[in-house]
Each structure stands twice: as structure tokens, then as C-alpha cells.
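The structure appears right after this line, and notes come after that.
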Amino acid sequence: MNHQQNELFMQRCLQLAQLGAGHAAPNPMVGAVLVHQGRIIGEGYHRQYGQAHAEVECVRSVAEEDRPLITRATMYVSLEPCAHYGKTPPCADLIVAQGIPEVIIGCTDTFSEVSGKGIEKLQKAGIKVTTGVLERACRELNRRFFTYHEKKRPYIVLKWAQCPAGFMATLSGEPVRLSNEYSDRLVHRWRSEEMAIMVGTNTALTDDPRLTNRLWTGKDPIRLVIDRELKTPAHYRLRDGSVPTWFFTEKAAGSEGLTETIYTDFRQPILPQLMERLHEKKVISVLVEGGAYLLQRFVEAGLWDEARVINGSNMLPDGVKAPVLPRALLMEETTLEGDRILYYRKT
């Protein structure tokens, strides 16, 4: 295969992998295709955490009449095949057992259980291995997974809506609508793509939010609430037991159904504690939805990876100022029925 064809088939791997968004975590999103003489004979992706990996799905998908071609085909996979037993057997072993002679990999896996071991296993079996095809795009797709393993914390996405004057809430705390219904749907899609969603005490008490993705399909994120004195009333939606919900509090740790209280020492900086606990609990990404105080603490700590700011057209004459992002790179700007949405990355 020439370089152009390699990139074409790797692009297909990336398209497939993306279909696992919101479902594969805390595993990475991975796509795989099996190609014989320029024709795709099998393809698959990691659909759900705990279920078959992309390489397994790919081999399973090969039609009966094409199965004799497997031993003469090339497998493309967006991430290095695993070499360890996790929820499923090692994919590197499957590739060897199937007699696939060549594997082309998008990027290596920096997770210590894999990190080069999958490639080593393939090469020891005499399989030709090529790495680094569309490597940047493959790492970008799994930036949450890589951040979690390399920085030992979840990937942090900040999100807020603001008016043209830069206010994101009223001074009285009275609820105000700043974004339109189309932006609301987009936000719910964002929720479906992250493992968890976080709010501070004031947002929990003032807004009585659900923090679910009712306006989109897919899994609800784990709800994370910073509530030092556990003030959130029992009749509030965050305590309805409908979705896994974790309260970070000074009250004793414990659990009741899907609701859990996690002891946090508020005399010490809490964000490092939260990051440590979430890493222990295998939460690879968090959408921080507010309020202004909590968002500002993340910004000041330099503890963020992306920010998504919805600029609505409703004007507040006064209010709570939205955070200002230092060292931010504007990646994209879109408009949704009058709302201007800015996507930033931390530089």
C-alpha cells in the first residue's frame, strides 16, 4: 500500500472510532479495518466499555466468503493493539492467531499496560508493523484517554454561556436564559460525550439542575457536586437517585443507591484532591458547567484543557462576570441560530 492509501484507510478507522464517543470510556475510542488488495473486507470499532475491542469486531465482521483472505490482508487500527488481559483478552493475540501478516497503526498507546508491548508481540510473531499513520489525528481523537494516563487526571472541559457584556449570571442569583434552545441541545450532546459533569454548591442550590442529557441520545454523565456541608436538599433533582451522583463533602463518606458522598478536606486546596479521586475512580473526562466561582478556580489553577463559551444575544445590564481565559487558543467559532459558540484550547 502506498502512503496515500494508508492515510485513506486510517481515516476510515478514525471515522469508526468516533462512533464510540460517550460509550467506550474509560477505554479509548478505537477503529479498525481489514483490507485485501485495496478492498475493505472487515471493519469494527469499540462500541461499549467492557465489550469487544475494535480488532475483534473487525475480524467478526468479515463475510464467510472473504474469510480465506484474512491471512493475506492488512489490518489498520487507530491505536496500538492491547497486549494485556483487561475486560477482554489481548487484541495482539487475536491478530497473531488469525495469521494477519501486516498491521498499520495510527499511534502507540502510552498506557503502561500496553505502551509498546502490543507492537512487540506482533513483531515477535513475524508480523510487519508500521506506526505513525495520521498519528496526530489519532492522538487528538483520544486526547481524553491520553491526558488521563499521562497527566494522572481527567481531561477538563469548561463550559458557560454569557451575554454580550460578558456576564454569565444575575447578581441576585435569579435564573436567566442566555442561550437559545438549539445551543441547549448542543450542550446536552456535549454532556453525552463526557464521563462526568461538575457543578459547585451555588449552582446546585440555586438552579436545582438535573445535569442529564435529556435533549440528546446516549448515556448520562456521572454527576459531580461540590457541596462542603451537604446542603443540597433531599428533594432536589441531584439527589433523586436516577443517575450516579457523587457529592464531594466534609461529611462522612458513604453511598446509598446511585448516590455517593466522597470525603474531601476543604481546609486544603480541593481541586488537586478532586483530580486524584476522579483518577482513582477511572473518570477520564469532566465537563465543568459552573458556576462562575468554580469555573474561575479551574482557570486560575491552569487546570483545564478545553473551554466552550456560548455567547447569547440576551443582554444583562449587570451581573456575575464570566471567567477570562489566559493562554487560550481559539480553535473554532460557529453560529447557531444567533448564538456564537467559541471553542478554546489551553496553550
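To be explicit about the labels: the chains of the C-alpha cells are called A, B, and onward in the order shown, and within each one the residues are counted from 1, while ligands get numbers from 1 in the order they are shown.
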Would you pick out the contacts of Gly31 of chain A at 6 Å or less, using only C-alpha atoms, so that residues sharing its chain but fewer than 5 positions from it are not included, and give the list as an mmCIF file with all heavy atoms, in the first residue's frame?
```
data_model
loop_
_atom_site.group_PDB
_atom_site.id
_atom_site.type_symbol
_atom_site.label_atom_id
_atom_site.label_comp_id
_atom_site.auth_asym_id
_atom_site.auth_seq_id
_atom_site.Cartn_x
_atom_site.Cartn_y
_atom_site.Cartn_z
ATOM 1 N N CYS A 13 -10.641 4.323 9.875
ATOM 2 C CA CYS A 13 -10.516 3.873 11.271
ATOM 3 C C CYS A 13 -10.976 4.966 12.230
ATOM 4 O O CYS A 13 -11.685 4.704 13.214
ATOM 5 C CB CYS A 13 -9.068 3.498 11.596
ATOM 6 S SG CYS A 13 -8.477 1.988 10.816
ATOM 7 N N LEU A 14 -10.568 6.199 11.949
ATOM 8 C CA LEU A 14 -10.939 7.330 12.807
ATOM 9 C C LEU A 14 -12.446 7.589 12.771
ATOM 10 O O LEU A 14 -13.054 7.885 13.804
ATOM 11 C CB LEU A 14 -10.171 8.584 12.392
ATOM 12 C CG LEU A 14 -8.672 8.587 12.723
ATOM 13 C CD1 LEU A 14 -7.962 9.732 12.002
ATOM 14 C CD2 LEU A 14 -8.461 8.719 14.227
ATOM 15 N N LEU A 16 -14.772 5.365 12.233
ATOM 16 C CA LEU A 16 -15.393 4.296 13.011
ATOM 17 C C LEU A 16 -15.195 4.521 14.504
ATOM 18 O O LEU A 16 -16.131 4.393 15.292
ATOM 19 C CB LEU A 16 -14.785 2.937 12.614
ATOM 20 C CG LEU A 16 -15.137 2.413 11.224
ATOM 21 C CD1 LEU A 16 -14.180 1.318 10.806
ATOM 22 C CD2 LEU A 16 -16.577 1.901 11.196
ATOM 23 N N ALA A 17 -13.966 4.867 14.893
ATOM 24 C CA ALA A 17 -13.658 5.066 16.308
ATOM 25 C C ALA A 17 -14.568 6.114 16.933
ATOM 26 O O ALA A 17 -15.043 5.953 18.063
ATOM 27 C CB ALA A 17 -12.192 5.478 16.466
ATOM 28 N N GLY A 44 -14.561 -2.526 12.224
ATOM 29 C CA GLY A 44 -15.206 -2.539 13.532
ATOM 30 C C GLY A 44 -14.698 -1.412 14.397
ATOM 31 O O GLY A 44 -13.709 -0.753 14.078
ATOM 32 N N TYR A 45 -15.376 -1.190 15.521
ATOM 33 C CA TYR A 45 -14.940 -0.174 16.474
ATOM 34 C C TYR A 45 -15.330 -0.612 17.879
ATOM 35 O O TYR A 45 -16.171 -1.507 18.057
ATOM 36 C CB TYR A 45 -15.524 1.204 16.147
ATOM 37 C CG TYR A 45 -17.026 1.329 16.307
ATOM 38 C CD1 TYR A 45 -17.594 1.843 17.470
ATOM 39 C CD2 TYR A 45 -17.899 0.951 15.271
ATOM 40 C CE1 TYR A 45 -18.965 1.971 17.611
ATOM 41 C CE2 TYR A 45 -19.270 1.071 15.403
ATOM 42 C CZ TYR A 45 -19.797 1.581 16.572
ATOM 43 O OH TYR A 45 -21.157 1.699 16.724
ATOM 44 N N ALA A 54 -12.103 -3.067 18.981
ATOM 45 C CA ALA A 54 -12.273 -2.805 17.542
ATOM 46 C C ALA A 54 -11.741 -3.953 16.683
ATOM 47 O O ALA A 54 -12.371 -4.352 15.692
ATOM 48 C CB ALA A 54 -11.559 -1.508 17.176
ATOM 49 N N VAL A 77 -5.418 -0.045 12.309
ATOM 50 C CA VAL A 77 -6.048 0.214 13.606
ATOM 51 C C VAL A 77 -5.530 1.553 14.128
ATOM 52 O O VAL A 77 -4.347 1.864 14.016
ATOM 53 C CB VAL A 77 -5.806 -0.960 14.584
ATOM 54 C CG1 VAL A 77 -4.325 -1.203 14.826
ATOM 55 C CG2 VAL A 77 -6.558 -0.766 15.890
ATOM 56 N N SER A 78 -6.434 2.356 14.664
ATOM 57 C CA SER A 78 -6.072 3.739 15.035
ATOM 58 C C SER A 78 -5.187 3.819 16.274
ATOM 59 O O SER A 78 -4.505 4.813 16.481
ATOM 60 C CB SER A 78 -7.343 4.578 15.235
ATOM 61 O OG SER A 78 -8.202 3.972 16.182
#
```
Problem - Within 8 Å of Leu330 of chain A using only C-alpha atoms, minus same-chain residues under 4 positions, as a ChimeraX atom specification - result: /A:342-345
Hey, can you spit out that residue selection with all heavy atoms as a PDB file, in the first residue's frame?
```
ATOM      1  N   LEU A 342     -17.758  29.679  20.850  1.00  0.00           N
ATOM      2  CA  LEU A 342     -16.299  29.730  20.717  1.00  0.00           C
ATOM      3  C   LEU A 342     -15.673  28.527  21.405  1.00  0.00           C
ATOM      4  O   LEU A 342     -16.017  28.203  22.546  1.00  0.00           O
ATOM      5  CB  LEU A 342     -15.753  31.021  21.342  1.00  0.00           C
ATOM      6  CG  LEU A 342     -16.368  32.333  20.842  1.00  0.00           C
ATOM      7  CD1 LEU A 342     -15.773  33.519  21.594  1.00  0.00           C
ATOM      8  CD2 LEU A 342     -16.146  32.506  19.341  1.00  0.00           C
ATOM      9  N   TYR A 343     -14.777  27.869  20.692  1.00  0.00           N
ATOM     10  CA  TYR A 343     -14.079  26.688  21.217  1.00  0.00           C
ATOM     11  C   TYR A 343     -12.613  27.028  21.445  1.00  0.00           C
ATOM     12  O   TYR A 343     -11.920  27.397  20.488  1.00  0.00           O
ATOM     13  CB  TYR A 343     -14.173  25.523  20.229  1.00  0.00           C
ATOM     14  CG  TYR A 343     -15.562  25.010  19.959  1.00  0.00           C
ATOM     15  CD1 TYR A 343     -16.427  25.662  19.072  1.00  0.00           C
ATOM     16  CD2 TYR A 343     -16.025  23.851  20.578  1.00  0.00           C
ATOM     17  CE1 TYR A 343     -17.708  25.178  18.820  1.00  0.00           C
ATOM     18  CE2 TYR A 343     -17.304  23.354  20.328  1.00  0.00           C
ATOM     19  CZ  TYR A 343     -18.136  24.029  19.449  1.00  0.00           C
ATOM     20  OH  TYR A 343     -19.399  23.537  19.202  1.00  0.00           O
ATOM     21  N   TYR A 344     -12.169  26.917  22.679  1.00  0.00           N
ATOM     22  CA  TYR A 344     -10.790  27.255  23.030  1.00  0.00           C
ATOM     23  C   TYR A 344     -10.020  26.014  23.468  1.00  0.00           C
ATOM     24  O   TYR A 344     -10.600  25.073  24.013  1.00  0.00           O
ATOM     25  CB  TYR A 344     -10.753  28.265  24.187  1.00  0.00           C
ATOM     26  CG  TYR A 344     -11.331  29.612  23.878  1.00  0.00           C
ATOM     27  CD1 TYR A 344     -12.657  29.913  24.179  1.00  0.00           C
ATOM     28  CD2 TYR A 344     -10.547  30.620  23.300  1.00  0.00           C
ATOM     29  CE1 TYR A 344     -13.192  31.160  23.919  1.00  0.00           C
ATOM     30  CE2 TYR A 344     -11.075  31.873  23.033  1.00  0.00           C
ATOM     31  CZ  TYR A 344     -12.402  32.136  23.355  1.00  0.00           C
ATOM     32  OH  TYR A 344     -12.929  33.382  23.090  1.00  0.00           O
ATOM     33  N   ARG A 345      -8.695  26.072  23.270  1.00  0.00           N
ATOM     34  CA  ARG A 345      -7.791  25.080  23.854  1.00  0.00           C
ATOM     35  C   ARG A 345      -6.763  25.829  24.691  1.00  0.00           C
ATOM     36  O   ARG A 345      -6.357  26.935  24.348  1.00  0.00           O
ATOM     37  CB  ARG A 345      -7.042  24.317  22.760  1.00  0.00           C
ATOM     38  CG  ARG A 345      -7.851  23.287  22.014  1.00  0.00           C
ATOM     39  CD  ARG A 345      -8.047  22.005  22.817  1.00  0.00           C
ATOM     40  NE  ARG A 345      -8.848  21.084  22.037  1.00  0.00           N
ATOM     41  CZ  ARG A 345      -8.344  20.219  21.171  1.00  0.00           C
ATOM     42  NH1 ARG A 345      -7.015  20.164  21.002  1.00  0.00           N
ATOM     43  NH2 ARG A 345      -9.122  19.426  20.494  1.00  0.00           N
TER      44      ARG A 345
END
```
Exercise for the section: May I have the residues within 9 Å of segment 238-243 of chain A as a VMD selection string, using only C-alpha atoms and disregarding those fewer than 2 positions away in the same chain? Expected result: chain A and resid 204 208 to 212 220 to 223 225 232 to 236 245 256 to 259
Problem - Residue list (strand (DSSP E or B), DSSP) for segment 13-42 of chain A, as a PyMOL selection string - result: chain A and resi 31-36+39-42
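Atom CA of Val288 of chain A sits 13.5 Å away from atom CA of Ala322 of chain A.
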Problem - helix (DSSP H, G or I) per DSSP on the backbone: members of segment 108-260 of chain A, as a ChimeraX atom specification - result: /A:117-124,135-141,143-151,181-193,201-207,237-239
Got a sec: who's within 8 Å of Cys91 of chain A, counting only C-alpha atoms, leaving out chain neighbours fewer than 3 positions off, as a PDB file with C-alpha atoms, in the first residue's frame?
```pdb
ATOM      1  CA  HIS A  53     -12.496  -4.191  21.082  1.00  0.00           C
ATOM      2  CA  GLU A  55      -9.948  -5.541  16.239  1.00  0.00           C
ATOM      3  CA  VAL A  56     -12.321  -8.292  17.416  1.00  0.00           C
ATOM      4  CA  PRO A  81      -3.482  -3.224  19.913  1.00  0.00           C
ATOM      5  CA  CYS A  82      -3.522  -4.166  23.597  1.00  0.00           C
ATOM      6  CA  ALA A  83      -1.230  -6.911  24.879  1.00  0.00           C
ATOM      7  CA  LEU A  94      -6.090 -12.293  18.200  1.00  0.00           C
ATOM      8  CA  ILE A  95      -4.162 -10.734  15.311  1.00  0.00           C
TER       9      ILE A  95
END
```
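Counting only C-alpha atoms and comparing A:Ile270, A:Ile104, A:Met275, A:Leu122, the residue that lies closest to Thr249 of chain A is A:Ile270.
Around segment 307-316 of chain A, within 8 Å and counting only C-alpha atoms, the residues found are A:Val157, A:Leu158, A:Lys159, A:Trp160, A:Ala161, A:Gln162, A:Cys163, A:Pro164, A:Ala165, A:Phe167, A:Thr170, A:Arg177, A:Leu178, A:Ser179, A:Asn180, A:Ser183, A:Trp304, A:Gly319, A:Gly338, A:Asp339, A:Arg340, A:Ile341, A:Leu342, A:Tyr343, A:Tyr344, A:Arg345, once anything fewer than 3 positions away on its own chain is removed.
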Save the residues we just selected, C-alpha atoms, as an mmCIF file, in the first residue's frame?
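That gives us result-v2.cif:
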```cif
data_model
loop_
_atom_site.group_PDB
_atom_site.id
_atom_site.type_symbol
_atom_site.label_atom_id
_atom_site.label_comp_id
_atom_site.auth_asym_id
_atom_site.auth_seq_id
_atom_site.Cartn_x
_atom_site.Cartn_y
_atom_site.Cartn_z
ATOM 1 C CA VAL A 157 -13.761 20.862 29.522
ATOM 2 C CA LEU A 158 -15.083 24.182 30.847
ATOM 3 C CA LYS A 159 -18.434 25.412 29.562
ATOM 4 C CA TRP A 160 -20.529 28.503 30.160
ATOM 5 C CA ALA A 161 -22.951 30.872 28.454
ATOM 6 C CA GLN A 162 -22.549 34.642 28.640
ATOM 7 C CA CYS A 163 -24.266 37.779 27.400
ATOM 8 C CA PRO A 164 -22.551 40.254 25.021
ATOM 9 C CA ALA A 165 -21.301 42.249 28.037
ATOM 10 C CA PHE A 167 -21.947 38.427 32.321
ATOM 11 C CA THR A 170 -27.529 37.772 37.594
ATOM 12 C CA ARG A 177 -31.776 32.408 29.882
ATOM 13 C CA LEU A 178 -28.705 33.406 27.850
ATOM 14 C CA SER A 179 -28.600 30.739 25.118
ATOM 15 C CA ASN A 180 -31.268 29.509 22.713
ATOM 16 C CA SER A 183 -27.485 25.663 21.874
ATOM 17 C CA TRP A 304 -8.366 22.901 32.042
ATOM 18 C CA GLY A 319 -24.236 40.547 36.719
ATOM 19 C CA GLY A 338 -27.820 33.689 16.597
ATOM 20 C CA ASP A 339 -25.725 32.190 19.393
ATOM 21 C CA ARG A 340 -21.965 32.464 18.792
ATOM 22 C CA ILE A 341 -20.048 29.457 20.123
ATOM 23 C CA LEU A 342 -16.299 29.730 20.717
ATOM 24 C CA TYR A 343 -14.079 26.688 21.217
ATOM 25 C CA TYR A 344 -10.790 27.255 23.030
ATOM 26 C CA ARG A 345 -7.791 25.080 23.854
#
```
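Relative to atom CA of Asn27 of chain A, atom CA of Val59 of chain A is found at 19.7 Å.
Taking atom CA of Gly254 of chain A and atom CA of Met195 of chain A as endpoints, the distance between them is 21.2 Å.
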Problem - Who sits within 12 Å of Val133 of chain A, only C-alpha atoms, same chain under 2 positions skipped, as a ChimeraX atom specification - result: /A:2-11,13-14,76-80,103-108,129-131,135-139
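Among the candidate residues A:Pro90, A:Leu215, A:Thr203, A:Asp265, the one lying nearest to Arg185 of chain A is A:Leu215, with distances computed using only C-alpha atoms.
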